[in-house]
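Structure below is input14.cif: mmCIF, C-alpha atoms.
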data_model
loop_
_atom_site.label_atom_id
_atom_site.label_comp_id
_atom_site.auth_asym_id
_atom_site.auth_seq_id
_atom_site.Cartn_x
_atom_site.Cartn_y
_atom_site.Cartn_z
CA MET A 1 -24.69 14.42 -59.21
CA LYS A 2 -25.75 12.31 -56.25
CA ALA A 3 -24.55 14.94 -53.79
CA ASP A 4 -26.63 17.49 -55.68
CA LEU A 5 -29.71 15.28 -55.41
CA VAL A 6 -29.07 14.79 -51.71
CA GLU A 7 -28.67 18.53 -51.18
CA ARG A 8 -31.87 19.31 -53.05
CA ALA A 9 -33.79 16.56 -51.27
CA ARG A 10 -32.46 17.87 -47.98
CA ARG A 11 -34.13 21.17 -48.79
CA GLY A 12 -37.43 19.42 -49.44
CA ASP A 13 -37.22 18.83 -53.21
CA GLN A 14 -39.42 15.77 -53.78
CA ASP A 15 -38.29 15.30 -57.39
CA ALA A 16 -34.70 15.10 -56.21
CA PHE A 17 -35.53 12.45 -53.64
CA ALA A 18 -37.53 10.50 -56.22
CA ALA A 19 -34.43 10.50 -58.43
CA LEU A 20 -32.23 9.53 -55.50
CA VAL A 21 -34.21 6.45 -54.48
CA PRO A 22 -33.31 4.29 -57.50
CA ALA A 23 -29.66 5.14 -56.97
CA VAL A 24 -29.59 3.84 -53.40
CA VAL A 25 -32.34 1.27 -53.08
CA ASN A 26 -30.39 -1.74 -54.32
CA ARG A 27 -27.43 -1.21 -52.05
CA SER A 28 -29.71 -0.57 -49.09
CA TYR A 29 -31.68 -3.71 -49.79
CA ALA A 30 -28.52 -5.75 -50.24
CA ILE A 31 -27.24 -4.66 -46.84
CA ALA A 32 -30.60 -5.27 -45.17
CA TYR A 33 -30.91 -8.70 -46.73
CA ARG A 34 -27.44 -9.71 -45.59
CA ILE A 35 -28.14 -8.65 -42.03
CA LEU A 36 -31.64 -10.11 -41.81
CA ARG A 37 -31.24 -13.11 -44.15
CA ASP A 38 -34.92 -12.81 -45.03
CA PRO A 39 -36.20 -11.17 -48.24
CA ASP A 40 -39.50 -9.94 -46.83
CA ALA A 41 -37.93 -8.48 -43.71
CA ALA A 42 -35.19 -6.89 -45.82
CA GLN A 43 -37.81 -5.31 -48.05
CA ASP A 44 -39.62 -3.84 -45.06
CA ALA A 45 -36.41 -2.59 -43.48
CA THR A 46 -35.28 -0.95 -46.73
CA GLN A 47 -38.59 0.83 -47.16
CA GLN A 48 -38.51 1.99 -43.56
CA ALA A 49 -34.95 3.28 -43.89
CA LEU A 50 -35.65 5.18 -47.10
CA LEU A 51 -38.77 6.80 -45.73
CA GLU A 52 -36.87 7.80 -42.60
CA ALA A 53 -34.14 9.16 -44.85
CA TRP A 54 -36.63 11.48 -46.54
CA ARG A 55 -38.09 12.54 -43.19
CA ASP A 56 -34.73 13.21 -41.54
CA LEU A 57 -32.69 14.47 -44.49
CA PRO A 58 -32.86 18.10 -43.31
CA THR A 59 -30.92 17.03 -40.21
CA LEU A 60 -28.05 15.59 -42.28
CA ALA A 61 -25.15 17.94 -41.64
CA ASP A 62 -22.80 16.78 -44.42
CA VAL A 63 -24.25 15.59 -47.73
CA GLU A 64 -20.95 13.86 -48.49
CA ARG A 65 -21.74 11.51 -45.61
CA PHE A 66 -25.09 10.55 -47.08
CA ASP A 67 -24.14 6.95 -47.90
CA ALA A 68 -22.84 6.24 -44.41
CA TRP A 69 -25.85 8.00 -42.89
CA LEU A 70 -28.27 5.96 -44.99
CA ASN A 71 -26.42 2.76 -44.12
CA ARG A 72 -26.95 3.57 -40.47
CA LEU A 73 -30.67 4.04 -41.10
CA VAL A 74 -30.75 0.66 -42.84
CA VAL A 75 -28.95 -1.02 -39.96
CA ASN A 76 -31.27 0.61 -37.44
CA ALA A 77 -34.28 -0.53 -39.47
CA CYS A 78 -32.85 -4.04 -39.34
CA TYR A 79 -32.51 -3.78 -35.57
CA SER A 80 -36.16 -2.72 -35.39
CA SER A 81 -37.14 -5.61 -37.62
CA THR A 82 -35.42 -8.14 -35.39
CA ARG A 83 -37.03 -6.64 -32.32
CA ARG A 84 -40.44 -6.89 -33.96
CA ASP A 85 -39.92 -10.47 -35.03
CA ARG A 86 -38.13 -12.52 -32.43
CA ARG A 87 -38.53 -15.59 -34.60
CA TRP A 88 -35.92 -14.30 -37.00
CA ALA A 89 -33.26 -16.68 -35.71
CA ALA A 90 -35.32 -19.64 -36.87
CA LYS A 91 -35.54 -18.43 -40.47
CA ILE A 92 -32.76 -20.52 -41.87
CA ARG A 93 -32.66 -21.45 -45.51
CA VAL A 94 -30.51 -24.54 -46.06
CA LEU A 95 -29.65 -25.71 -49.55
CA PRO A 96 -29.54 -29.49 -50.01
CA THR A 97 -26.00 -30.64 -50.78
CA SER A 98 -27.21 -33.50 -52.97
CA GLN A 99 -27.98 -31.06 -55.80
CA TYR A 100 -24.27 -30.52 -56.41
CA SER A 101 -22.23 -33.10 -58.19
CA THR A 102 -18.68 -31.79 -58.10
CA PRO A 103 -16.65 -31.84 -54.91
CA ASP A 104 -15.83 -28.12 -55.15
CA ALA A 105 -19.48 -27.19 -55.62
CA ALA A 106 -20.44 -29.40 -52.73
CA ALA A 107 -17.76 -27.78 -50.63
CA ASP A 108 -19.07 -24.33 -51.57
CA VAL A 109 -22.57 -25.33 -50.58
CA ALA A 110 -21.26 -26.76 -47.35
CA ASP A 111 -19.51 -23.44 -46.76
CA ARG A 112 -22.77 -21.61 -47.32
CA ASP A 113 -24.74 -23.85 -45.00
CA GLU A 114 -22.15 -23.62 -42.28
CA LEU A 115 -21.84 -19.86 -42.59
CA GLU A 116 -25.60 -19.50 -42.72
CA ARG A 117 -26.01 -21.43 -39.52
CA GLY A 118 -23.17 -19.59 -37.86
CA PHE A 119 -24.51 -16.21 -38.97
CA GLN A 120 -27.93 -16.98 -37.55
CA ARG A 121 -26.33 -17.28 -34.14
CA LEU A 122 -24.88 -13.76 -34.22
CA THR A 123 -26.62 -10.82 -32.62
CA PRO A 124 -28.00 -8.16 -34.99
CA GLU A 125 -25.25 -5.79 -33.81
CA GLN A 126 -22.55 -8.33 -34.67
CA ARG A 127 -24.15 -9.01 -38.05
CA ALA A 128 -24.17 -5.32 -38.89
CA VAL A 129 -20.45 -5.04 -38.19
CA VAL A 130 -19.70 -8.13 -40.25
CA VAL A 131 -21.78 -6.98 -43.22
CA LEU A 132 -20.43 -3.43 -43.25
CA HIS A 133 -16.84 -4.67 -42.95
CA HIS A 134 -16.84 -7.78 -45.12
CA TYR A 135 -19.55 -6.92 -47.66
CA VAL A 136 -19.63 -3.11 -47.92
CA GLY A 137 -15.86 -3.02 -47.43
CA TYR A 138 -15.68 -0.39 -44.72
CA PRO A 139 -12.62 -0.46 -42.46
CA LEU A 140 -13.61 -0.93 -38.82
CA THR A 141 -13.06 2.77 -38.12
CA GLU A 142 -15.65 3.60 -40.76
CA VAL A 143 -17.95 0.89 -39.43
CA ALA A 144 -17.72 2.51 -36.00
CA ALA A 145 -18.44 5.93 -37.44
CA THR A 146 -21.38 4.64 -39.47
CA LEU A 147 -22.95 2.85 -36.54
CA ASP A 148 -22.05 5.69 -34.15
CA ILE A 149 -20.26 3.34 -31.79
CA PRO A 150 -16.75 3.53 -30.31
CA ILE A 151 -14.05 1.91 -32.42
CA GLY A 152 -13.31 -0.45 -29.55
CA THR A 153 -16.90 -1.65 -29.61
CA ALA A 154 -16.73 -2.19 -33.37
CA ARG A 155 -13.50 -4.18 -33.02
CA SER A 156 -14.94 -6.21 -30.17
CA ARG A 157 -18.14 -7.03 -32.05
CA HIS A 158 -16.16 -7.99 -35.12
CA HIS A 159 -13.72 -10.13 -33.16
CA TYR A 160 -16.41 -12.09 -31.34
CA ALA A 161 -18.53 -12.39 -34.47
CA ILE A 162 -15.70 -13.91 -36.46
CA GLN A 163 -14.75 -16.12 -33.53
CA GLN A 164 -18.34 -17.39 -33.27
CA LEU A 165 -18.61 -17.89 -37.02
CA ARG A 166 -15.39 -19.88 -37.11
CA ALA A 167 -16.48 -21.96 -34.15
CA ALA A 168 -19.90 -22.55 -35.65
CA VAL A 169 -18.48 -23.51 -39.03
CA GLU A 170 -15.98 -25.90 -37.46
CA ALA A 171 -18.54 -27.43 -35.13
CA ASP A 172 -21.02 -27.92 -37.96
CA SER A 173 -18.54 -29.28 -40.42
CA ARG A 174 -16.50 -31.59 -38.21
CA PRO A 175 -18.95 -34.48 -37.66
CA ALA A 176 -20.22 -34.45 -41.22
CA PHE A 177 -16.75 -34.40 -42.71
CA THR A 178 -15.53 -37.04 -40.29
CA SER A 179 -18.39 -39.35 -41.13
CA GLN A 180 -17.52 -39.02 -44.81
CA GLY A 181 -13.79 -39.41 -44.20
CA ARG A 182 -13.00 -36.10 -45.90
CA LEU A 183 -10.61 -34.97 -43.23
CA ALA A 184 -8.44 -38.04 -43.64
CA MET B 1 -11.28 -32.25 -53.47
CA SER B 2 -12.14 -29.09 -51.64
CA THR B 3 -10.15 -25.89 -51.87
CA ILE B 4 -8.93 -24.50 -48.55
CA ARG B 5 -9.49 -20.75 -48.52
CA PRO B 6 -8.84 -18.18 -45.83
CA PHE B 7 -11.90 -17.69 -43.66
CA ASP B 8 -12.32 -14.02 -44.62
CA ASP B 9 -12.48 -15.01 -48.29
CA ARG B 10 -15.08 -17.66 -47.59
CA LEU B 11 -17.13 -15.17 -45.59
CA GLY B 12 -16.80 -12.49 -48.27
CA ALA B 13 -17.82 -14.89 -51.02
CA TRP B 14 -20.81 -16.06 -49.02
CA LEU B 15 -21.95 -12.49 -48.41
CA GLU B 16 -21.51 -11.58 -52.08
CA ALA B 17 -23.71 -14.49 -53.11
CA GLY B 18 -26.89 -12.81 -51.90
CA PRO B 19 -29.22 -10.63 -53.99
CA ALA B 20 -27.72 -7.43 -55.39
CA SER B 21 -30.93 -5.66 -56.39
CA ALA B 22 -34.12 -4.86 -54.57
CA PRO B 23 -37.56 -6.01 -55.72
CA ASP B 24 -39.39 -3.26 -57.63
CA ALA B 25 -41.98 -3.13 -54.87
CA VAL B 26 -39.45 -1.49 -52.55
CA SER B 27 -38.95 1.57 -54.77
CA ASP B 28 -42.61 1.68 -55.71
CA THR B 29 -43.68 1.75 -52.07
CA VAL B 30 -41.15 4.39 -51.09
CA LEU B 31 -41.93 6.65 -54.05
CA ALA B 32 -45.65 6.40 -53.37
CA ALA B 33 -45.37 7.03 -49.65
CA PHE B 34 -42.66 9.64 -49.09
CA PRO B 35 -44.49 12.74 -50.46
CA ALA B 36 -47.03 12.38 -47.65
CA ILE B 37 -44.31 12.44 -45.00
CA ARG B 38 -43.38 15.79 -43.56
CA GLN B 39 -39.67 16.40 -43.22
CA ARG B 40 -38.18 17.07 -39.82
CA ARG B 41 -36.32 20.33 -39.65
CA PRO B 42 -33.23 20.64 -37.47
CA LEU B 43 -33.57 22.39 -34.15
CA ILE B 44 -30.48 24.50 -34.65
CA VAL B 45 -28.60 25.69 -37.73
CA LEU B 46 -24.92 26.35 -37.14
CA GLY B 47 -22.87 27.99 -39.89
CA GLY B 48 -25.50 27.17 -42.49
CA ARG B 49 -25.48 23.50 -41.54
CA PRO B 50 -28.22 21.76 -39.64
CA PHE B 51 -27.38 20.57 -36.18
CA THR B 52 -29.58 18.30 -34.16
CA PRO B 53 -28.26 17.52 -30.70
CA LYS B 54 -27.83 13.83 -29.98
CA VAL B 55 -30.15 12.81 -27.20
CA GLY B 56 -29.08 9.77 -25.25
CA GLN B 57 -31.16 7.94 -22.71
CA LYS B 58 -29.76 9.93 -19.77
CA ALA B 59 -30.27 13.18 -21.65
CA ARG B 60 -33.85 12.17 -22.42
CA VAL B 61 -34.50 11.57 -18.75
CA ALA B 62 -32.92 14.94 -17.94
CA LEU B 63 -35.01 16.66 -20.61
CA ALA B 64 -38.14 14.99 -19.28
CA LEU B 65 -37.33 16.22 -15.77
CA VAL B 66 -36.71 19.75 -17.07
CA ALA B 67 -40.01 19.65 -18.96
CA LEU B 68 -41.78 18.43 -15.82
CA LEU B 69 -40.17 21.20 -13.77
CA ALA B 70 -41.23 23.76 -16.38
CA LEU B 71 -44.79 22.46 -16.18
CA VAL B 72 -44.77 22.71 -12.39
CA VAL B 73 -43.40 26.27 -12.53
CA ALA B 74 -45.92 27.25 -15.20
CA GLY B 75 -48.71 25.68 -13.18
CA ALA B 76 -47.59 27.53 -10.06
CA LYS B 77 -47.64 30.82 -11.98
CA VAL B 78 -51.16 30.16 -13.15
CA PHE B 79 -52.70 28.81 -9.99
CA LEU B 80 -50.77 30.49 -7.18
CA PRO B 81 -51.01 34.19 -6.31
CA PRO B 82 -48.09 36.24 -7.64
CA PRO B 83 -45.37 37.12 -5.14
CA PRO B 84 -45.52 40.68 -3.75
CA GLN B 85 -43.49 43.15 -5.78
CA VAL B 86 -41.59 46.09 -4.39
CA GLY B 87 -42.15 48.73 -7.07
CA PRO B 88 -42.83 48.10 -10.73
CA PRO B 89 -40.36 46.31 -13.00
CA GLU B 90 -37.95 48.57 -14.85
CA SER B 91 -39.61 47.88 -18.19
CA THR B 92 -42.94 49.33 -17.07
CA ARG B 93 -44.11 52.76 -16.09
CA VAL B 94 -46.83 53.79 -13.64
CA PHE B 95 -49.23 56.51 -14.72
CA PHE B 96 -51.33 58.54 -12.27
CA SER B 97 -54.42 60.56 -13.07
CA SER B 98 -55.39 63.30 -10.62
CA ARG B 99 -58.49 64.18 -12.64
CA TYR B 100 -59.98 60.70 -12.61
CA GLN B 101 -58.08 59.40 -9.57
CA TYR B 102 -56.52 56.15 -10.64
CA ARG B 103 -53.17 54.64 -11.44
CA LEU B 104 -52.19 51.98 -13.96
CA GLU B 105 -49.07 50.36 -15.22
CA LEU B 106 -48.01 50.21 -18.86
CA GLN B 107 -44.88 49.47 -20.84
CA ALA B 108 -42.22 52.10 -20.27
CA ASP B 109 -42.39 53.32 -23.86
CA TRP B 110 -46.04 54.36 -23.60
CA THR B 111 -47.06 57.99 -23.28
CA VAL B 112 -50.26 59.66 -22.16
CA LYS B 113 -52.28 62.57 -23.48
CA PRO B 114 -54.30 63.52 -20.39
CA ALA B 115 -57.88 64.74 -20.42
CA THR B 116 -58.40 68.49 -20.23
CA ARG B 117 -62.02 68.32 -19.10
CA ASN B 118 -64.35 65.84 -17.40
CA LEU B 119 -66.39 63.35 -19.41
CA ALA B 120 -70.17 63.77 -19.12
CA THR B 121 -72.20 60.88 -17.72
CA LEU B 122 -73.56 59.53 -21.02
CA GLU B 123 -70.84 60.94 -23.24
CA THR B 124 -69.00 58.40 -25.32
CA PRO B 125 -65.25 58.35 -24.64
CA TRP B 126 -64.13 58.65 -28.27
CA VAL B 127 -60.47 58.32 -29.05
CA ASP B 128 -60.31 61.96 -30.20
CA SER B 129 -62.17 63.30 -27.18
CA ASP B 130 -60.39 65.81 -24.94
CA ALA B 131 -62.21 64.30 -21.96
CA ILE B 132 -60.20 61.07 -21.94
CA ASP B 133 -56.77 59.99 -20.85
CA LEU B 134 -55.32 58.56 -24.05
CA TYR B 135 -52.39 56.14 -23.76
CA GLN B 136 -50.39 55.05 -26.78
CA PRO B 137 -47.01 53.46 -27.42
CA SER B 138 -44.37 55.90 -28.52
CA PRO B 139 -43.67 55.73 -31.34
CA PRO B 140 -46.87 53.88 -32.17
CA ALA B 141 -45.73 50.39 -33.11
CA SER B 142 -49.27 49.32 -33.83
CA PRO B 143 -52.61 51.06 -33.75
CA VAL B 144 -53.28 50.32 -30.10
CA SER B 145 -54.73 52.84 -27.69
CA ILE B 146 -55.90 52.67 -24.11
CA ILE B 147 -58.66 55.06 -23.16
CA VAL B 148 -59.55 55.82 -19.55
CA ALA B 149 -62.22 58.15 -18.28
CA ALA B 150 -64.67 58.32 -15.38
CA VAL B 151 -68.13 59.80 -15.01
CA PRO B 152 -70.28 60.64 -11.97
CA LEU B 153 -73.19 58.28 -11.34
CA GLU B 154 -76.67 58.95 -10.04
CA PRO B 155 -77.03 57.42 -6.55
CA GLY B 156 -78.34 53.85 -6.69
CA THR B 157 -77.22 53.16 -10.26
CA THR B 158 -76.13 49.56 -10.56
CA LEU B 159 -73.17 48.41 -12.61
CA ASP B 160 -75.46 46.44 -14.95
CA ALA B 161 -77.74 49.42 -15.52
CA TRP B 162 -74.86 51.75 -16.20
CA ALA B 163 -73.15 49.24 -18.51
CA GLU B 164 -76.38 48.87 -20.46
CA SER B 165 -76.81 52.61 -20.81
CA THR B 166 -73.17 52.89 -21.84
CA THR B 167 -73.68 50.32 -24.57
CA ARG B 168 -76.65 52.25 -25.88
CA ALA B 169 -74.65 55.46 -25.75
CA ILE B 170 -71.82 53.85 -27.70
CA CYS B 171 -74.23 52.76 -30.42
CA ALA B 172 -75.94 56.14 -30.50
CA GLY B 173 -72.60 57.83 -30.61
CA LYS B 174 -71.56 55.80 -33.61
CA LEU B 175 -74.76 56.59 -35.39
CA THR B 176 -74.48 60.29 -34.79
CA ARG B 177 -70.90 60.35 -36.04
CA LEU B 178 -71.67 58.81 -39.41
CA GLY B 179 -71.38 61.10 -42.36
CA PRO B 180 -73.89 61.45 -45.21
CA GLY B 181 -74.33 58.16 -47.05
CA GLU B 182 -72.41 56.15 -44.45
CA THR B 183 -74.03 53.14 -42.88
CA TRP B 184 -73.18 51.25 -39.78
CA SER B 185 -74.44 47.95 -38.50
CA PRO B 186 -74.10 47.14 -34.85
CA GLU B 187 -72.05 44.05 -34.06
CA PRO B 188 -74.16 40.91 -34.12
CA ALA B 189 -74.90 39.87 -30.57
CA GLU B 190 -73.09 36.56 -30.89
CA GLN B 191 -69.89 38.37 -31.75
CA ARG B 192 -69.90 40.42 -28.59
CA THR B 193 -68.94 38.77 -25.35
CA LEU B 194 -69.63 39.99 -21.87
CA GLU B 195 -67.82 38.70 -18.84
CA GLY B 196 -67.47 39.63 -15.22
CA LEU B 197 -64.18 40.83 -13.75
CA VAL B 198 -62.85 42.31 -10.55
CA ILE B 199 -60.79 45.47 -10.92
CA ASP B 200 -59.00 46.60 -7.76
CA GLY B 201 -61.60 44.79 -5.67
CA GLU B 202 -64.60 46.21 -7.51
CA PRO B 203 -66.93 44.13 -9.69
CA ALA B 204 -66.56 45.06 -13.34
CA LEU B 205 -67.88 44.05 -16.76
CA LEU B 206 -65.82 43.49 -19.87
CA HIS B 207 -67.40 43.78 -23.31
CA THR B 208 -65.43 42.46 -26.24
CA TYR B 209 -66.23 43.59 -29.77
CA PRO B 210 -64.30 41.46 -32.27
CA ASN B 211 -65.00 43.80 -35.14
CA CYS B 212 -66.07 47.31 -34.31
CA TYR B 213 -65.30 49.85 -37.01
CA SER B 214 -62.61 47.38 -38.14
CA PHE B 215 -61.04 47.54 -34.70
CA PHE B 216 -60.93 45.11 -31.85
CA HIS B 217 -62.48 46.68 -28.80
CA GLN B 218 -62.23 45.55 -25.22
CA TRP B 219 -64.41 47.75 -23.09
CA ALA B 220 -64.28 47.44 -19.32
CA VAL B 221 -66.70 49.30 -17.09
CA VAL B 222 -66.34 49.44 -13.33
CA LYS B 223 -67.97 51.37 -10.48
CA HIS B 224 -66.04 52.87 -7.61
CA GLY B 225 -67.99 54.94 -5.10
CA ASP B 226 -70.14 57.42 -6.97
CA ARG B 227 -68.11 57.21 -10.15
CA ALA B 228 -67.99 54.80 -13.04
CA PHE B 229 -64.93 54.19 -15.19
CA HIS B 230 -64.44 53.36 -18.85
CA ILE B 231 -61.24 51.50 -19.49
CA VAL B 232 -61.01 50.72 -23.20
CA TRP B 233 -58.56 48.82 -25.38
CA LEU B 234 -58.71 49.84 -29.01
CA GLY B 235 -56.60 47.55 -31.18
CA VAL B 236 -56.30 45.76 -34.48
CA ARG B 237 -58.43 42.73 -35.14
CA ASP B 238 -55.75 40.17 -35.93
CA THR B 239 -54.04 40.48 -32.55
CA ARG B 240 -57.02 39.41 -30.50
CA ALA B 241 -55.39 36.69 -28.42
CA GLU B 242 -52.36 38.81 -27.53
CA ALA B 243 -54.58 41.83 -26.97
CA ARG B 244 -56.74 40.01 -24.46
CA ALA B 245 -53.76 38.89 -22.40
CA ALA B 246 -52.20 42.37 -22.54
CA PHE B 247 -55.43 44.11 -21.58
CA LEU B 248 -56.11 41.78 -18.65
CA HIS B 249 -52.57 42.47 -17.47
CA ILE B 250 -53.21 46.21 -17.64
CA LEU B 251 -56.53 45.84 -15.81
CA ASP B 252 -54.72 43.88 -13.14
CA SER B 253 -52.47 46.87 -12.55
CA PHE B 254 -55.35 49.34 -12.37
CA GLU B 255 -55.95 50.91 -8.94
CA PHE B 256 -58.31 53.59 -7.68
CA THR B 257 -56.57 56.40 -5.84
CA PRO B 258 -58.04 58.82 -3.29
#
Can I see the file as structure tokens?
Amino acid sequence: MKADLVERARRGDQDAFAALVPAVVNRSYAIAYRILRDPDAAQDATQQALLEAWRDLPTLADVERFDAWLNRLVVNACYSSTRRDRRWAAKIRVLPTSQYSTPDAAADVADRDELERGFQRLTPEQRAVVVLHHYVGYPLTEVAATLDIPIGTARSRHHYAIQQLRAAVEADSRPAFTSQGRLA
Amino acid sequence: MSTIRPFDDRLGAWLEAGPASAPDAVSDTVLAAFPAIRQRRPLIVLGGRPFTPKVGQKARVALALVALLALVVAGAKVFLPPPPQVGPPESTRVFFSSRYQYRLELQADWTVKPATRNLATLETPWVDSDAIDLYQPSPPASPVSIIVAAVPLEPGTTLDAWAESTTRAICAGKLTRLGPGETWSPEPAEQRTLEGLVIDGEPALLHTYPNCYSFFHQWAVVKHGDRAFHIVWLGVRDTRAEARAAFLHILDSFEFTP
């Protein structure tokens, strides 16, 4: 069904593309949000990617690769968004830990804060690899194919991203936990 | 007490925690905007599938250089004199007229029906006249004809004077050829253009009639010694731009012969 819509839209059928948009918009937005960590920027990037998808659909060689192709457009729109707004690294939303009463909930929130801070320090290219691998569930070979980068580059970006995230999480958590005696 | 989880699980859970659906405004904006966007068509279609070559930065630079080179070459063709040619290209054919003493070059598939008598001074060189050299493609791919004829001039007749009398003769000729009940309106002046040319070193005038009897006429007149030539393009109206370029090319090949 979706492949049929893609094929018809590729040939210029506007009704088909209008039917295709609701089927892909949520996933596209979810990916954009997770890369950009900003709802407004994610909204803009998703719109840009979907409009580019309509414009460039006739150049799509294999309709079965539509999802991966669209994901690449979303990632590229995110790259453009970060280039337009260099302040993106400062847009950090930190949840106050005092709202959570149970230790597990507090630990979850601490996880989120630490990961949020660590993620903000990644480059957009590293974020894209992390999101496609850990959120979309692509193996790194598919991540490389989607982003049109060599597999070695995908592995390298993933390796250094995870390394930086781990380091950031540990660096952020160590003093706080030590001061509260939670590592004892 | 906190639960120790593998890092990948923590990362996955954190990523899953974000929004799963887009605000309605995203779809609304896309659906409102996309119909106004023209789709890009692929440059090449291979085996029924579109294929658009990937263009990297180096390739873009190379393409830009090629485009620049093409512009330079095109500019040189326009602004520099053409290199001397030894004989005509194989795809063209040179025609000689001993009656009217000229030569011209046409596509190799053109043929000529030569004049069998001389054209009178104020006689109109109609396409069915036996006093003209009539050139046509063979077989006729389109209703295009080239008409060439020459007439003797009274001594002292200027090109402008002869061109003016020719124009009057053309109009008179049309009027006299109308049948009973037929009407004819001369082309409005603004639709006829007149420009100066040089044909084989001689000053010439080119009249253009965009719509003359439903045909597109280009009518060149040129003096050489005591003779004046008609060189006429008779073509269809919707090929005007191509016809002009083709006719100028033919005029460029035209030479007077002893």
message: Given only C-alpha atoms as the basis, pick out the residue of B:Ile147, B:Trp110, B:Ala163, B:Tyr135 nearest to B:Leu122.
response: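 Of all the options, B:Ala163 lies closest to B:Leu122.
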field: Explicit residue set for the PyMOL selection byres ((chain A) within 8 of (chain B)), as a PyMOL selection string
entry: chain A and resi 12+14+18+21-22+25-27+29-30+33-34+43-44+46-47+50-51+54-62+103-104+107+111-112+115+131+134-135+166
Based on the selection just made, write C-alpha atoms of those residues as a tab-separated table (two decimals), in the coordinates of the input.
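In the end it all went to out_36.tsv:
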chain	number	residue	atom	x	y	z
A	12	GLY	CA	-37.43	19.42	-49.44
A	14	GLN	CA	-39.42	15.77	-53.78
A	18	ALA	CA	-37.53	10.50	-56.22
A	21	VAL	CA	-34.21	6.45	-54.48
A	22	PRO	CA	-33.31	4.29	-57.50
A	25	VAL	CA	-32.34	1.27	-53.08
A	26	ASN	CA	-30.39	-1.74	-54.32
A	27	ARG	CA	-27.43	-1.21	-52.05
A	29	TYR	CA	-31.68	-3.71	-49.79
A	30	ALA	CA	-28.52	-5.75	-50.24
A	33	TYR	CA	-30.91	-8.70	-46.73
A	34	ARG	CA	-27.44	-9.71	-45.59
A	43	GLN	CA	-37.81	-5.31	-48.05
A	44	ASP	CA	-39.62	-3.84	-45.06
A	46	THR	CA	-35.28	-0.95	-46.73
A	47	GLN	CA	-38.59	0.83	-47.16
A	50	LEU	CA	-35.65	5.18	-47.10
A	51	LEU	CA	-38.77	6.80	-45.73
A	54	TRP	CA	-36.63	11.48	-46.54
A	55	ARG	CA	-38.09	12.54	-43.19
A	56	ASP	CA	-34.73	13.21	-41.54
A	57	LEU	CA	-32.69	14.47	-44.49
A	58	PRO	CA	-32.86	18.10	-43.31
A	59	THR	CA	-30.92	17.03	-40.21
A	60	LEU	CA	-28.05	15.59	-42.28
A	61	ALA	CA	-25.15	17.94	-41.64
A	62	ASP	CA	-22.80	16.78	-44.42
A	103	PRO	CA	-16.65	-31.84	-54.91
A	104	ASP	CA	-15.83	-28.12	-55.15
A	107	ALA	CA	-17.76	-27.78	-50.63
A	111	ASP	CA	-19.51	-23.44	-46.76
A	112	ARG	CA	-22.77	-21.61	-47.32
A	115	LEU	CA	-21.84	-19.86	-42.59
A	131	VAL	CA	-21.78	-6.98	-43.22
A	134	HIS	CA	-16.84	-7.78	-45.12
A	135	TYR	CA	-19.55	-6.92	-47.66
A	166	ARG	CA	-15.39	-19.88	-37.11
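Against the coordinates shown, the PyMOL selection byres ((chain B and resi 220-224) around 8) returns B:Leu159, B:Ala163, B:Ile199, B:Glu202, B:Pro203, B:Ala204, B:Leu205, B:Leu206, B:His207, B:Gln218, B:Trp219, B:Gly225, B:Asp226, B:Arg227, B:Ala228, B:Phe229, B:His230, B:Ile231, B:Val232, B:Phe256.
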Selection export as a compact mmCIF listing (two decimals), in the frame of the given file, atoms kept: C-alpha atoms:
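The result, written out as part03.txt:
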# COMPACT_ATOMS: atom_id res chain seq x y z
CA LEU B 159 -73.17 48.41 -12.61
CA ALA B 163 -73.15 49.24 -18.51
CA ILE B 199 -60.79 45.47 -10.92
CA GLU B 202 -64.60 46.21 -7.51
CA PRO B 203 -66.93 44.13 -9.69
CA ALA B 204 -66.56 45.06 -13.34
CA LEU B 205 -67.88 44.05 -16.76
CA LEU B 206 -65.82 43.49 -19.87
CA HIS B 207 -67.40 43.78 -23.31
CA GLN B 218 -62.23 45.55 -25.22
CA TRP B 219 -64.41 47.75 -23.09
CA GLY B 225 -67.99 54.94 -5.10
CA ASP B 226 -70.14 57.42 -6.97
CA ARG B 227 -68.11 57.21 -10.15
CA ALA B 228 -67.99 54.80 -13.04
CA PHE B 229 -64.93 54.19 -15.19
CA HIS B 230 -64.44 53.36 -18.85
CA ILE B 231 -61.24 51.50 -19.49
CA VAL B 232 -61.01 50.72 -23.20
CA PHE B 256 -58.31 53.59 -7.68
message: Rounded to one decimal, what separation in Å do you get between atom CA of A:Ala32 and atom CA of A:Ser81?
response: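 Computed distance, atom CA of A:Ala32 to atom CA of A:Ser81, equals 10.0 Å.
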- prompt: Using all atoms listed in the file, which residues sit within 8 Å of A:Val63 once same-chain residues fewer than 2 positions away are excluded, as a VMD selection string?
  reply: chain A and resid 3 6 to 7 60 to 61 65 to 66
d(atom CA of A:Asp15, atom CA of A:Pro39) in Å: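 For atom CA of A:Asp15 relative to atom CA of A:Pro39, the distance reads 28.1 Å.
Pairwise distance (atom CA of A:Phe17, atom CA of A:Pro139) equals 28.6 Å.
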- request: Around the point (-20.9, -2.6, -33.3), in the coordinates given by the file, pick out the residues reaching within 6 Å, counting all atoms listed in the file, and return them as a PyMOL selection string.
  value: chain A and resi 125+129+153-154+157
Serialized selection, C-alpha atoms, as an mmCIF file, keeping the file's coordinate frame:
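Saved the output as part-v9.cif:
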data_model
loop_
_atom_site.group_PDB
_atom_site.id
_atom_site.type_symbol
_atom_site.label_atom_id
_atom_site.label_comp_id
_atom_site.auth_asym_id
_atom_site.auth_seq_id
_atom_site.Cartn_x
_atom_site.Cartn_y
_atom_site.Cartn_z
ATOM 1 C CA GLU A 125 -25.250 -5.790 -33.810
ATOM 2 C CA VAL A 129 -20.450 -5.040 -38.190
ATOM 3 C CA THR A 153 -16.900 -1.650 -29.610
ATOM 4 C CA ALA A 154 -16.730 -2.190 -33.370
ATOM 5 C CA ARG A 157 -18.140 -7.030 -32.050
#
